[in-house]
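Asks: Structure supplied as start.cif; contents: mmCIF, C-alpha atoms (C1' of nucleotides).
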```
data_target
loop_
_atom_site.label_atom_id
_atom_site.label_comp_id
_atom_site.auth_asym_id
_atom_site.auth_seq_id
_atom_site.Cartn_x
_atom_site.Cartn_y
_atom_site.Cartn_z
CA MET A 1381 56.77 150.76 -70.50
CA ARG A 1382 53.39 150.68 -68.86
CA PRO A 1383 52.55 154.01 -67.31
CA SER A 1384 52.84 153.79 -63.56
CA TYR A 1385 50.42 155.03 -60.96
CA LYS A 1386 52.73 157.97 -60.46
CA SER A 1387 53.01 158.96 -64.10
CA ILE A 1388 49.27 158.97 -64.53
CA ILE A 1389 48.79 161.04 -61.40
CA THR A 1390 51.38 163.49 -62.66
CA ALA A 1391 49.73 163.74 -66.05
CA LEU A 1392 46.35 164.41 -64.46
CA LYS A 1393 47.84 167.13 -62.33
CA ARG A 1394 49.59 168.64 -65.32
CA HIS A 1395 46.28 168.90 -67.13
CA GLY A 1396 44.73 170.69 -64.19
CA HIS A 1397 42.54 167.90 -62.89
CA LYS A 1398 41.95 167.31 -59.21
CA LEU A 1399 43.41 164.30 -57.51
CA THR A 1400 40.54 162.88 -55.56
CA LEU A 1401 40.69 159.76 -53.43
CA GLN A 1402 38.34 158.10 -55.89
CA ARG A 1403 40.51 158.82 -58.89
CA ARG A 1404 43.56 157.60 -57.06
CA ALA A 1405 41.72 154.41 -56.24
CA VAL A 1406 40.70 153.76 -59.84
CA ILE A 1407 44.17 154.51 -61.11
CA ASP A 1408 45.63 152.24 -58.49
CA VAL A 1409 43.44 149.37 -59.63
CA ILE A 1410 44.11 149.90 -63.30
CA THR A 1411 47.87 150.19 -62.93
CA SER A 1412 48.24 147.26 -60.58
CA SER A 1413 46.39 144.84 -62.82
CA GLN A 1414 47.91 143.30 -65.91
CA ASP A 1415 44.53 142.55 -67.42
CA HIS A 1416 42.06 144.54 -69.39
CA LEU A 1417 39.21 145.27 -67.01
CA THR A 1418 35.64 146.25 -67.74
CA PRO A 1419 34.17 149.25 -65.94
CA ALA A 1420 32.07 146.89 -63.82
CA ALA A 1421 35.06 144.76 -62.86
CA MET A 1422 37.01 147.85 -61.94
CA PHE A 1423 34.13 149.09 -59.85
CA GLU A 1424 34.13 145.84 -57.89
CA LYS A 1425 37.85 146.04 -57.24
CA VAL A 1426 37.84 149.69 -56.26
CA ARG A 1427 34.89 149.09 -54.02
CA GLN A 1428 36.84 146.75 -51.77
CA ASP A 1429 38.91 149.63 -50.48
CA HIS A 1430 36.40 152.42 -51.08
CA PRO A 1431 32.93 151.08 -50.33
CA GLY A 1432 31.36 154.46 -50.88
CA ILE A 1433 32.51 154.96 -54.46
CA GLY A 1434 29.93 155.14 -57.20
CA LEU A 1435 30.01 153.30 -60.50
CA VAL A 1436 29.48 156.63 -62.18
CA THR A 1437 32.77 157.86 -60.85
CA VAL A 1438 34.54 154.87 -62.33
CA TYR A 1439 32.96 155.62 -65.69
CA ARG A 1440 33.92 159.25 -65.46
CA THR A 1441 37.48 158.46 -64.48
CA LEU A 1442 37.89 155.96 -67.30
CA LYS A 1443 36.52 158.47 -69.76
CA LEU A 1444 38.91 161.13 -68.54
CA LEU A 1445 41.93 158.84 -68.63
CA THR A 1446 40.99 157.66 -72.11
CA GLU A 1447 40.67 161.21 -73.37
CA LEU A 1448 44.08 162.05 -72.00
CA ASN A 1449 45.40 158.90 -73.65
CA LEU A 1450 46.67 157.52 -70.40
CA ILE A 1451 44.91 154.21 -70.68
CA CYS A 1452 43.96 151.95 -73.54
CA GLU A 1453 40.38 151.23 -74.43
CA LEU A 1454 39.50 148.01 -76.18
CA ARG A 1455 36.22 146.80 -77.61
CA THR A 1456 35.58 143.27 -78.65
CA ALA A 1457 32.59 141.27 -79.75
CA ASP A 1458 31.25 140.70 -76.25
CA ASN A 1459 30.14 144.30 -76.29
CA CYS A 1460 31.89 145.37 -73.10
CA PRO A 1461 34.70 147.83 -73.37
CA SER A 1462 37.71 147.07 -71.22
CA TYR A 1463 40.65 149.18 -70.22
CA THR A 1464 44.26 148.70 -69.32
CA ALA A 1465 47.11 150.97 -68.41
CA GLY A 1466 49.60 151.52 -71.17
CA THR A 1467 49.07 153.42 -74.35
CA SER A 1468 52.33 155.26 -74.10
CA GLU A 1469 53.78 152.09 -75.48
CA HIS A 1470 52.34 151.15 -78.84
CA HIS A 1471 50.97 147.63 -78.64
CA HIS A 1472 48.48 145.22 -80.15
CA HIS A 1473 45.95 142.71 -78.92
CA LEU A 1474 45.48 138.98 -78.89
CA VAL A 1475 41.90 138.33 -77.81
CA CYS A 1476 40.27 135.08 -76.70
CA SER A 1477 36.81 134.86 -78.14
CA GLY A 1478 35.89 132.35 -75.46
CA CYS A 1479 36.61 134.15 -72.21
CA GLY A 1480 37.55 137.63 -73.36
CA LYS A 1481 41.11 137.40 -72.05
CA VAL A 1482 43.41 139.89 -73.75
CA VAL A 1483 47.15 139.58 -74.19
CA ASP A 1484 49.01 142.70 -75.20
CA PHE A 1485 52.03 142.39 -77.44
CA ALA A 1486 54.42 144.57 -79.36
CA SER A 1487 54.65 143.86 -83.05
CA PRO A 1488 58.01 143.45 -84.79
CA ARG A 1489 59.52 146.52 -86.35
CA LEU A 1490 59.20 144.88 -89.76
CA ILE A 1491 55.44 144.90 -89.56
CA GLU A 1492 55.26 148.38 -88.12
CA ARG A 1493 57.30 149.65 -91.04
CA ASP A 1494 55.02 148.04 -93.58
CA VAL A 1495 51.98 149.22 -91.73
CA ALA A 1496 53.31 152.75 -91.79
CA LYS A 1497 53.65 152.53 -95.55
CA LEU A 1498 50.15 151.18 -95.92
CA GLU A 1499 48.96 153.98 -93.68
CA GLY A 1500 50.36 156.55 -96.07
CA LYS A 1501 48.72 154.89 -99.02
CA LEU A 1502 45.33 154.63 -97.35
CA SER A 1503 45.57 158.17 -96.15
CA ARG A 1504 46.19 159.46 -99.67
CA GLU A 1505 43.59 157.28 -101.32
CA ASN A 1506 40.78 157.96 -98.90
CA GLY A 1507 41.52 161.47 -97.72
CA PHE A 1508 41.81 160.32 -94.14
CA ARG A 1509 44.12 161.75 -91.55
CA ILE A 1510 45.19 158.55 -89.84
CA ASP A 1511 45.98 158.78 -86.15
CA GLU A 1512 46.55 155.25 -85.03
CA HIS A 1513 46.37 151.63 -85.95
CA LEU A 1514 45.69 148.40 -84.18
CA LEU A 1515 46.45 144.85 -85.08
CA GLU A 1516 44.11 142.40 -83.43
CA PHE A 1517 44.29 138.63 -83.41
CA THR A 1518 41.29 136.61 -82.32
CA GLY A 1519 41.28 133.00 -81.26
CA LEU A 1520 40.94 130.67 -78.33
CA CYS A 1521 43.24 130.65 -75.32
CA GLU A 1522 44.61 127.40 -73.92
CA LEU A 1523 41.89 126.98 -71.32
CA CYS A 1524 39.04 127.69 -73.71
CA GLN A 1525 40.50 125.24 -76.22
CA LYS A 1526 40.48 122.53 -73.55
CA ALA A 1527 36.98 123.44 -72.48
CA GLN A 1528 35.84 123.20 -76.07
CA ALA A 1529 37.58 119.89 -76.64
CA SER A 1530 36.07 118.27 -73.57
CA SER A 1531 32.57 119.49 -74.27
CA VAL A 1532 32.46 118.02 -77.77
CA MET B 1122 34.16 139.16 -103.47
CA ARG B 1123 31.33 140.42 -101.32
CA PRO B 1124 28.81 137.68 -100.75
CA SER B 1125 25.70 138.37 -102.76
CA TYR B 1126 22.12 138.21 -101.65
CA LYS B 1127 21.89 134.88 -103.38
CA SER B 1128 24.94 133.31 -101.80
CA ILE B 1129 23.75 134.25 -98.32
CA ILE B 1130 20.31 132.86 -99.01
CA THR B 1131 21.86 129.65 -100.26
CA ALA B 1132 24.07 129.36 -97.21
CA LEU B 1133 21.11 129.85 -94.89
CA LYS B 1134 19.16 127.18 -96.68
CA ARG B 1135 22.10 124.84 -96.57
CA HIS B 1136 22.25 125.22 -92.80
CA GLY B 1137 18.60 124.34 -92.51
CA HIS B 1138 17.25 127.79 -91.69
CA LYS B 1139 13.94 129.03 -92.98
CA LEU B 1140 13.81 131.76 -95.57
CA THR B 1141 11.29 134.19 -94.21
CA LEU B 1142 10.28 137.44 -95.85
CA GLN B 1143 11.89 139.27 -92.96
CA ARG B 1144 15.22 137.56 -93.34
CA ARG B 1145 15.20 138.18 -97.05
CA ALA B 1146 14.52 141.84 -96.38
CA VAL B 1147 17.40 142.20 -93.94
CA ILE B 1148 19.77 140.35 -96.23
CA ASP B 1149 18.65 142.52 -99.12
CA VAL B 1150 19.47 145.68 -97.18
CA ILE B 1151 22.82 144.45 -95.97
CA THR B 1152 23.98 143.22 -99.37
CA SER B 1153 22.82 146.25 -101.28
CA SER B 1154 24.62 148.73 -99.05
CA GLN B 1155 28.35 149.37 -99.23
CA ASP B 1156 28.46 150.75 -95.71
CA HIS B 1157 28.65 149.25 -92.32
CA LEU B 1158 25.20 149.64 -90.83
CA THR B 1159 24.10 149.57 -87.22
CA PRO B 1160 21.15 147.37 -86.25
CA ALA B 1161 19.02 150.47 -85.79
CA ALA B 1162 19.95 151.85 -89.21
CA MET B 1163 19.19 148.53 -90.79
CA PHE B 1164 15.85 148.40 -89.04
CA GLU B 1165 14.95 151.78 -90.50
CA LYS B 1166 15.88 150.70 -94.01
CA VAL B 1167 14.11 147.37 -93.81
CA ARG B 1168 11.06 149.05 -92.38
CA GLN B 1169 10.51 151.08 -95.54
CA ASP B 1170 9.51 147.97 -97.44
CA HIS B 1171 8.28 145.91 -94.49
CA PRO B 1172 6.52 148.23 -92.06
CA GLY B 1173 5.51 145.34 -89.84
CA ILE B 1174 8.98 144.04 -89.12
CA GLY B 1175 10.27 144.14 -85.56
CA LEU B 1176 13.65 145.40 -84.43
CA VAL B 1177 14.05 142.09 -82.61
CA THR B 1178 13.96 140.26 -85.89
CA VAL B 1179 16.74 142.43 -87.25
CA TYR B 1180 18.83 141.63 -84.19
CA ARG B 1181 18.10 137.94 -84.52
CA THR B 1182 18.95 137.89 -88.20
CA LEU B 1183 22.21 139.74 -87.69
CA LYS B 1184 23.15 137.36 -84.92
CA LEU B 1185 22.42 134.38 -87.10
CA LEU B 1186 24.33 135.72 -90.07
CA THR B 1187 27.27 136.59 -87.85
CA GLU B 1188 27.35 133.11 -86.36
CA LEU B 1189 27.34 131.61 -89.82
CA ASN B 1190 30.14 134.00 -90.75
CA LEU B 1191 28.17 135.46 -93.60
CA ILE B 1192 28.53 139.04 -92.52
CA CYS B 1193 31.20 141.04 -90.77
CA GLU B 1194 30.66 142.54 -87.35
CA LEU B 1195 32.64 145.58 -86.36
CA ARG B 1196 32.85 147.39 -83.04
CA THR B 1197 34.44 150.75 -82.59
CA ALA B 1198 34.72 153.28 -79.84
CA ASP B 1199 31.28 154.73 -80.39
CA ASN B 1200 29.93 151.57 -78.84
CA CYS B 1201 27.56 150.65 -81.64
CA PRO B 1202 28.23 147.48 -83.51
CA SER B 1203 27.83 147.70 -87.24
CA TYR B 1204 27.59 145.05 -89.90
CA THR B 1205 28.46 144.68 -93.52
CA ALA B 1206 28.29 141.89 -96.03
CA GLY B 1207 31.59 140.32 -96.84
CA THR B 1208 33.67 138.14 -94.58
CA SER B 1209 34.35 135.63 -97.26
CA GLU B 1210 36.88 138.13 -98.46
CA HIS B 1211 39.49 138.93 -95.87
CA HIS B 1212 39.63 142.67 -95.34
CA HIS B 1213 40.55 145.39 -92.89
CA HIS B 1214 39.06 148.61 -91.61
CA LEU B 1215 39.75 152.29 -91.79
CA VAL B 1216 37.50 153.97 -89.26
CA CYS B 1217 36.67 157.66 -88.84
CA SER B 1218 36.56 158.52 -85.16
CA GLY B 1219 34.47 161.55 -85.98
CA CYS B 1220 31.46 160.16 -87.82
CA GLY B 1221 31.99 156.41 -87.58
CA LYS B 1222 32.37 155.96 -91.33
CA VAL B 1223 34.17 152.74 -92.17
CA VAL B 1224 36.17 152.03 -95.30
CA ASP B 1225 37.05 148.41 -95.97
CA PHE B 1226 40.33 147.64 -97.67
CA ALA B 1227 42.44 144.64 -98.56
CA SER B 1228 45.96 144.70 -97.22
CA PRO B 1229 48.96 144.01 -99.43
CA ARG B 1230 50.19 140.44 -99.60
CA LEU B 1231 53.45 141.57 -98.04
CA ILE B 1232 51.76 142.51 -94.82
CA GLU B 1233 49.56 139.47 -94.77
CA ARG B 1234 52.63 137.27 -95.06
CA ASP B 1235 54.36 138.98 -92.15
CA VAL B 1236 51.19 138.91 -90.12
CA ALA B 1237 50.89 135.17 -90.70
CA LYS B 1238 54.40 134.73 -89.36
CA LEU B 1239 53.63 136.83 -86.33
CA GLU B 1240 50.49 134.81 -85.86
CA GLY B 1241 52.49 131.62 -85.61
CA LYS B 1242 54.85 133.14 -83.09
CA LEU B 1243 52.06 134.50 -80.92
CA SER B 1244 50.21 131.24 -81.10
CA ARG B 1245 53.25 129.31 -79.87
CA GLU B 1246 54.19 131.77 -77.17
CA ASN B 1247 50.72 132.20 -75.70
CA GLY B 1248 49.11 128.85 -76.33
CA PHE B 1249 46.36 130.45 -78.41
CA ARG B 1250 44.68 128.89 -81.38
CA ILE B 1251 44.43 131.96 -83.59
CA ASP B 1252 41.44 132.11 -85.91
CA GLU B 1253 41.58 135.51 -87.47
CA HIS B 1254 43.22 138.90 -87.44
CA LEU B 1255 42.17 142.42 -88.13
CA LEU B 1256 44.15 145.49 -88.94
CA GLU B 1257 42.34 148.67 -88.00
CA PHE B 1258 43.33 152.23 -88.75
CA THR B 1259 41.66 155.08 -86.94
CA GLY B 1260 41.61 158.69 -87.98
CA LEU B 1261 39.48 161.46 -89.37
CA CYS B 1262 37.78 161.35 -92.75
CA GLU B 1263 37.93 164.33 -95.10
CA LEU B 1264 34.62 165.81 -93.97
CA CYS B 1265 35.38 165.49 -90.28
CA GLN B 1266 38.78 167.08 -90.80
CA LYS B 1267 37.12 170.07 -92.42
CA ALA B 1268 34.50 170.25 -89.70
CA GLN B 1269 37.25 170.24 -87.09
CA ALA B 1270 39.27 172.87 -88.89
CA SER B 1271 36.35 175.25 -89.23
CA SER B 1272 35.23 174.87 -85.64
CA VAL B 1273 38.62 175.82 -84.18
"C1'" DG C 622 -3.64 120.63 -97.95
"C1'" DT C 623 -1.74 119.40 -93.29
"C1'" DC C 624 1.53 119.30 -89.70
"C1'" DT C 625 5.31 120.87 -86.94
"C1'" DA C 626 9.24 123.03 -85.61
"C1'" DA C 627 11.12 127.35 -86.42
"C1'" DA C 628 10.46 132.20 -86.73
"C1'" DT C 629 8.04 136.36 -85.66
"C1'" DG C 630 6.27 140.49 -83.02
"C1'" DA C 631 4.90 142.73 -78.81
"C1'" DA C 632 6.04 143.62 -74.40
"C1'" DA C 633 8.90 143.33 -70.61
"C1'" DA C 634 13.34 142.68 -68.66
"C1'" DA C 635 18.17 143.02 -68.43
"C1'" DT C 636 22.33 145.58 -69.28
"C1'" DA C 637 25.24 149.34 -70.11
"C1'" DT C 638 25.96 154.12 -70.12
"C1'" DT C 639 24.91 159.04 -69.59
"C1'" DA C 640 22.51 163.20 -67.66
"C1'" DT C 641 20.86 165.93 -63.75
"C1'" DC C 642 21.58 168.16 -59.63
"C1'" DA C 643 22.32 168.92 -54.77
"C1'" DT C 644 26.29 168.14 -51.80
"C1'" DT C 645 31.10 167.61 -50.95
"C1'" DT C 646 35.94 168.47 -51.58
"C1'" DA C 647 40.68 169.60 -53.66
"C1'" DC C 648 43.48 173.14 -53.95
"C1'" DA C 649 44.71 178.09 -55.13
"C1'" DC C 650 45.07 182.08 -52.55
"C1'" DT C 651 45.60 184.31 -48.81
"C1'" DA D 1017 45.76 177.09 -41.09
"C1'" DG D 1018 41.34 179.25 -43.01
"C1'" DT D 1019 38.44 180.51 -46.95
"C1'" DG D 1020 36.29 180.63 -51.54
"C1'" DT D 1021 35.26 178.44 -55.71
"C1'" DA D 1022 35.16 175.55 -59.42
"C1'" DA D 1023 35.50 170.77 -60.04
"C1'" DA D 1024 34.19 166.24 -58.61
"C1'" DT D 1025 31.14 163.08 -56.38
"C1'" DG D 1026 27.02 160.11 -55.48
"C1'" DA D 1027 22.15 159.24 -55.78
"C1'" DT D 1028 18.69 159.08 -58.85
"C1'" DA D 1029 16.60 159.15 -63.08
"C1'" DA D 1030 16.90 158.83 -67.90
"C1'" DT D 1031 18.49 156.85 -72.16
"C1'" DA D 1032 20.08 153.38 -75.24
"C1'" DT D 1033 20.94 148.88 -76.54
"C1'" DT D 1034 20.18 144.14 -76.50
"C1'" DT D 1035 17.95 139.91 -74.77
"C1'" DT D 1036 14.09 137.15 -72.88
"C1'" DT D 1037 9.54 135.51 -72.80
"C1'" DC D 1038 5.61 133.80 -74.88
"C1'" DA D 1039 1.53 133.58 -77.68
"C1'" DT D 1040 0.79 133.63 -82.64
"C1'" DT D 1041 2.17 132.95 -87.34
"C1'" DT D 1042 4.45 130.68 -91.13
"C1'" DA D 1043 8.01 128.09 -94.17
"C1'" DG D 1044 8.72 124.00 -95.88
"C1'" DA D 1045 8.57 118.74 -95.46
"C1'" DC D 1046 5.32 115.28 -96.19
#
```
Any chance you could put this one into structure tokens?
Replies:
Amino acid sequence: MRPSYKSIITALKRHGHKLTLQRRAVIDVITSSQDHLTPAAMFEKVRQDHPGIGLVTVYRTLKLLTELNLICELRTADNCPSYTAGTSEHHHHLVCSGCGKVVDFASPRLIERDVAKLEGKLSRENGFRIDEHLLEFTGLCELCQKAQASSV
Amino acid sequence: MRPSYKSIITALKRHGHKLTLQRRAVIDVITSSQDHLTPAAMFEKVRQDHPGIGLVTVYRTLKLLTELNLICELRTADNCPSYTAGTSEHHHHLVCSGCGKVVDFASPRLIERDVAKLEGKLSRENGFRIDEHLLEFTGLCELCQKAQASSV
DNA sequence: GTCTAAATGAAAAATATTATCATTTACACT
DNA sequence: AGTGTAAATGATAATATTTTTCATTTAGAC
């Protein structure tokens, strides 16, 4: 389940962080959108309700939430990180290389089991302590496929 | 098999690109290193033999090689892209979140088969044309584990 | 050898992110 | 409710990374 506005607020409080209007605003935006948003996009959204907020605050809030593992950070080839609520649930990414759209999905238990095995093997062979894994598919979404087809 | 200096040169030629000293130098560095290198790191290496080369040229060459799919671009949480020779061989990444070290590995056929199945399902359900996939493990390498242990 | 489009390097611009610091504010404690 | 204090904010500057621009150079076809 995607973490709700409330659960994130609670977690922040639990870790001894202050609940400022600005943080609430950022959390509101991130939890009420299904998409992965870049810091800049989030800033624009938050701004609508809180004209005074600074981009810096958005960056700081995202950093904090990422450190507490309350949101999910994603980096793709377009160089901009984007964030979405929901790391409590383990999920993977399907990324459109055309427009950057990201679809989250849960992978079948079968794969997760195999991946866990592979994780053990890699860990032993390379001396790593492995903390997480991510499966990422890249391709073109429906719209970008059409755009490509019509431009050729 | 990792693409060799020669194979990349040939591919460039085939696509009608000129073989400048600078490009040769960058390709030499990227093929003779096992690691993923950032543009800046590559610049430093290339510079040793070609003091006159510009960082811009390194960027341009990496961009070109990436577009031609001759090298592999990787982005992790530290925000710096890094590149390595070798996309002709399908491989995955084990990334150290401490120092950024990347180990490439091939995943067992078992997983690849399941992933292919999942790929078909995702493609159908989301209307994506899926081009590639990447499995990425994140953790701490041996050195960074020790560093962490001793600092606590 | 000559020609030309492609590639380069220097500098500036654009973009993204972080650091600094004075001011404001949440909230623990009365 | 009022007060004190550490944490958080916003403005600004700084840093880092990547791209653009453009005059000059050069690889490679002829």
Asks: Could you tell me how far atom CA of Glu1240 of chain B lies from atom CA of Thr1518 of chain A, in Å and to one decimal?
Replies: 10.0 Å
Asks: Evaluate the PyMOL selection byres ((chain A and resi 1434) around 12) here and jot the selected residues down as a list in words.
Replies: Gln1402, Arg1403, Ala1405, Val1406, Pro1419, Ala1420, Met1422, Phe1423, Glu1424, Val1426, Arg1427, His1430, Pro1431, Gly1432, Ile1433, Leu1435, Val1436, Thr1437, Val1438, Tyr1439, Arg1440 and Thr1441 of chain A; DA1024, DT1025, DG1026 and DA1027 of chain D
Asks: Expanded to explicit residues, what is the PyMOL selection byres ((chain A) within 6 of (chain B)) for this file, as JSON, numbers by chain?
Replies: {"A": [1507, 1508, 1509, 1510, 1511, 1512, 1513, 1514, 1515, 1516, 1517, 1518, 1519, 1520, 1521, 1522]}
Asks: Give me a file of those residues, with C-alpha atoms, as a PDB file, keeping the file's coordinate frame.
Replies:
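To be explicit, this is the file written out as selection-v9.pdb:
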```pdb
ATOM      1  CA  GLY A1507      41.520 161.470 -97.720  1.00  0.00           C
ATOM      2  CA  PHE A1508      41.810 160.320 -94.140  1.00  0.00           C
ATOM      3  CA  ARG A1509      44.120 161.750 -91.550  1.00  0.00           C
ATOM      4  CA  ILE A1510      45.190 158.550 -89.840  1.00  0.00           C
ATOM      5  CA  ASP A1511      45.980 158.780 -86.150  1.00  0.00           C
ATOM      6  CA  GLU A1512      46.550 155.250 -85.030  1.00  0.00           C
ATOM      7  CA  HIS A1513      46.370 151.630 -85.950  1.00  0.00           C
ATOM      8  CA  LEU A1514      45.690 148.400 -84.180  1.00  0.00           C
ATOM      9  CA  LEU A1515      46.450 144.850 -85.080  1.00  0.00           C
ATOM     10  CA  GLU A1516      44.110 142.400 -83.430  1.00  0.00           C
ATOM     11  CA  PHE A1517      44.290 138.630 -83.410  1.00  0.00           C
ATOM     12  CA  THR A1518      41.290 136.610 -82.320  1.00  0.00           C
ATOM     13  CA  GLY A1519      41.280 133.000 -81.260  1.00  0.00           C
ATOM     14  CA  LEU A1520      40.940 130.670 -78.330  1.00  0.00           C
ATOM     15  CA  CYS A1521      43.240 130.650 -75.320  1.00  0.00           C
ATOM     16  CA  GLU A1522      44.610 127.400 -73.920  1.00  0.00           C
TER      17      GLU A1522
END
```
Asks: Could you tell me how far atom CA of His1470 of chain A sits from atom CA of Ala1237 of chain B, in Å to one decimal place?
Replies: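 About the pair atom CA of Ala1237 of chain B and atom CA of His1470 of chain A: they are 20.0 Å apart.
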Asks: Atom CA of Ile1407 of chain A and atom CA of Lys1443 of chain A, how far apart in Å?
Replies: 12.2 Å
Asks: Identify, on the basis of only C-alpha atoms (C1' of nucleotides), every residue whose closest approach to His1138 of chain B does not exceed 10 Å; exclude the query and any residue fewer than 3 positions from it along the same chain; express the result as a PyMOL selection string.
Replies: (chain B and resi 1130-1135+1141+1185) or (chain C and resi 627-628) or (chain D and resi 1043)
Asks: Write out as a tab-separated table the residues of chain C that have any atom within 10 Å of an atom of chain A, one row each with the nearest atom pair and its distance in Å to one decimal, counting only C-alpha atoms (C1' of nucleotides), sorted by chain and then rising number.
Replies:
```
residue	atom	partner	partner_atom	distance
C:DA637	C1'	A:Cys1460	CA	8.3
C:DT638	C1'	A:Tyr1439	CA	8.4
C:DT639	C1'	A:Val1436	CA	9.0
C:DT646	C1'	A:Thr1400	CA	8.3
C:DA647	C1'	A:Lys1398	CA	6.1
C:DC648	C1'	A:Lys1398	CA	8.0
```
Asks: Using only C-alpha atoms (C1' of nucleotides), which residues sit within 12 Å of DA1045 of chain D once same-chain residues fewer than 6 positions away are excluded, as an mmCIF file with C-alpha atoms (C1' of nucleotides), keeping the file's coordinate frame?
Replies:
```
data_model
loop_
_atom_site.group_PDB
_atom_site.id
_atom_site.type_symbol
_atom_site.label_atom_id
_atom_site.label_comp_id
_atom_site.auth_asym_id
_atom_site.auth_seq_id
_atom_site.Cartn_x
_atom_site.Cartn_y
_atom_site.Cartn_z
ATOM 1 C CA GLY B 1137 18.600 124.340 -92.510
ATOM 2 C CA LYS B 1139 13.940 129.030 -92.980
ATOM 3 C "C1'" DT C 623 -1.740 119.400 -93.290
ATOM 4 C "C1'" DC C 624 1.530 119.300 -89.700
ATOM 5 C "C1'" DT C 625 5.310 120.870 -86.940
ATOM 6 C "C1'" DA C 626 9.240 123.030 -85.610
#
```
Asks: For Asp1170 of chain B, which residue out of B:Val1150, B:Ala1227, B:Cys1220, B:Leu1186 is the nearest one, using all atoms listed in the file?
Replies: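 Checking each of B:Val1150, B:Ala1227, B:Cys1220, B:Leu1186 against Asp1170 of chain B, counting all atoms listed in the file, the winner is B:Val1150.
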Asks: Can you list what the PyMOL selection byres ((chain D and resi 1017) around 12) grabs from this structure, as a PDB file with C-alpha atoms (C1' of nucleotides), in the frame of the given file?
Replies:
```pdb
ATOM      1  C1'  DT C 651      45.600 184.310 -48.810  1.00  0.00           C
TER       2       DT C 651
ATOM      3  C1'  DG D1018      41.340 179.250 -43.010  1.00  0.00           C
ATOM      4  C1'  DT D1019      38.440 180.510 -46.950  1.00  0.00           C
TER       5       DT D1019
END
```
Asks: Which residue, D:DA1030, D:DT1042, D:DT1037, D:DA1023, has the smallest gap to chain A when you use all atoms listed in the file?
Replies: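 Among D:DA1030, D:DT1042, D:DT1037, D:DA1023, it is D:DA1023 that comes nearest to chain A.
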Asks: Any idea what's packed within 12 Å of DC1038 of chain D, counting only C-alpha atoms (C1' of nucleotides), ignoring anything in its chain fewer than 4 positions away? Could you give it as an MDAnalysis selection string?
Replies: chainID C and resid 629:633
Asks: Using C-alpha atoms (C1' of nucleotides), can you write the selected residues to a file as a PDB file, in the frame of the given file?
Replies:
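What landed in selection16.pdb:
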```
ATOM      1  C1'  DT C 629       8.040 136.360 -85.660  1.00  0.00           C
ATOM      2  C1'  DG C 630       6.270 140.490 -83.020  1.00  0.00           C
ATOM      3  C1'  DA C 631       4.900 142.730 -78.810  1.00  0.00           C
ATOM      4  C1'  DA C 632       6.040 143.620 -74.400  1.00  0.00           C
ATOM      5  C1'  DA C 633       8.900 143.330 -70.610  1.00  0.00           C
TER       6       DA C 633
END
```
Asks: Could you list the residues in chain D lying within 12 Å of chain B, using only C-alpha atoms (C1' of nucleotides), and format the result as a PyMOL selection string?
Replies: chain D and resi 1032-1036+1041-1045
Asks: What's around Ala1206 of chain B at 8 Å? Count all atoms listed in the file, leave out sequence neighbours fewer than 5 positions away in its own chain, and write the answer as a ChimeraX atom specification.
Replies: /B:1123-1124,1151-1152,1191-1193
